[in-house]
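What follows is a set of notes on a single structure, which appears directly below.
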Amino acid sequence: MNEEQCMKSRYTMFADYNTWCNERLYGAAAKLSDAEYRANRGAFFKSLHGTLNHLLVGDPFYRQGRTTKNS
């Protein structure tokens, strides 16, 4: 396996892992009541809703930065 194939394989594994994590995270969040979901937990983004919103908004920017070549 050449270096490019190795890197592609590694990042495919990372993407698969991210998908698995997101499925578990959103599945667990779906089991919460709305009050539990929106309760202030004292975290940086206050609630689980705030944290998941940050991930939802931030992930595309992160991915774009990882797939765009710098000129």
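Each chain in the structure tokens gets a letter, A, B, ..., in the order shown, and its residues are numbered from 1; ligands are numbered from 1 in order too.
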Neighbours of Phe45 of chain A within 8 Å (only C-alpha atoms; same-chain residues fewer than 4 positions away dropped), as a list in words?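 The neighbour list is Gly50, Thr51 and His54 of chain A.
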Please, could you write that set of residues out with C-alpha atoms as an mmCIF file, in the first residue's frame?
```cif
data_model
loop_
_atom_site.group_PDB
_atom_site.id
_atom_site.type_symbol
_atom_site.label_atom_id
_atom_site.label_comp_id
_atom_site.auth_asym_id
_atom_site.auth_seq_id
_atom_site.Cartn_x
_atom_site.Cartn_y
_atom_site.Cartn_z
ATOM 1 C CA GLY A 50 -26.207 24.161 22.771
ATOM 2 C CA THR A 51 -23.388 21.643 22.470
ATOM 3 C CA HIS A 54 -22.193 23.872 18.059
#
```
Do a neighbour search on His49 of chain A at 12 Å with only C-alpha atoms, toss out local chain neighbours closer than 6 positions, and write the hits as a list of chain:residue names. A:Leu25, A:Tyr26, A:Ala29, A:Ala30, A:Leu32, A:Ser33, A:Asp34, A:Ala35, A:Glu36, A:Tyr37, A:Arg38, A:Ala39, A:Asn40, A:Arg41, A:Ala43, A:Leu55, A:Leu56
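Closest to Thr19 of chain A among A:Asp59, A:Gln64, A:Cys6, A:Met1 is A:Asp59, based on only C-alpha atoms.
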If DSSP is run on the backbone, what residues of chain A are helix (DSSP H, G or I)? A reply as a PyMOL selection string would be ideal. chain A and resi 3-30+34-38+48-67
Grab the atom CA of Arg10 of chain A to atom CA of Arg63 of chain A distance for me, in Å with one decimal place.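 Answer for the atom CA of Arg10 of chain A to atom CA of Arg63 of chain A separation: 15.4 Å.
Of note, atom CA of Asn53 of chain A and atom CA of Asn22 of chain A are spaced 12.8 Å apart.
Put simply, atom CA of Leu48 of chain A is 10.9 Å away from atom CA of Ala28 of chain A.
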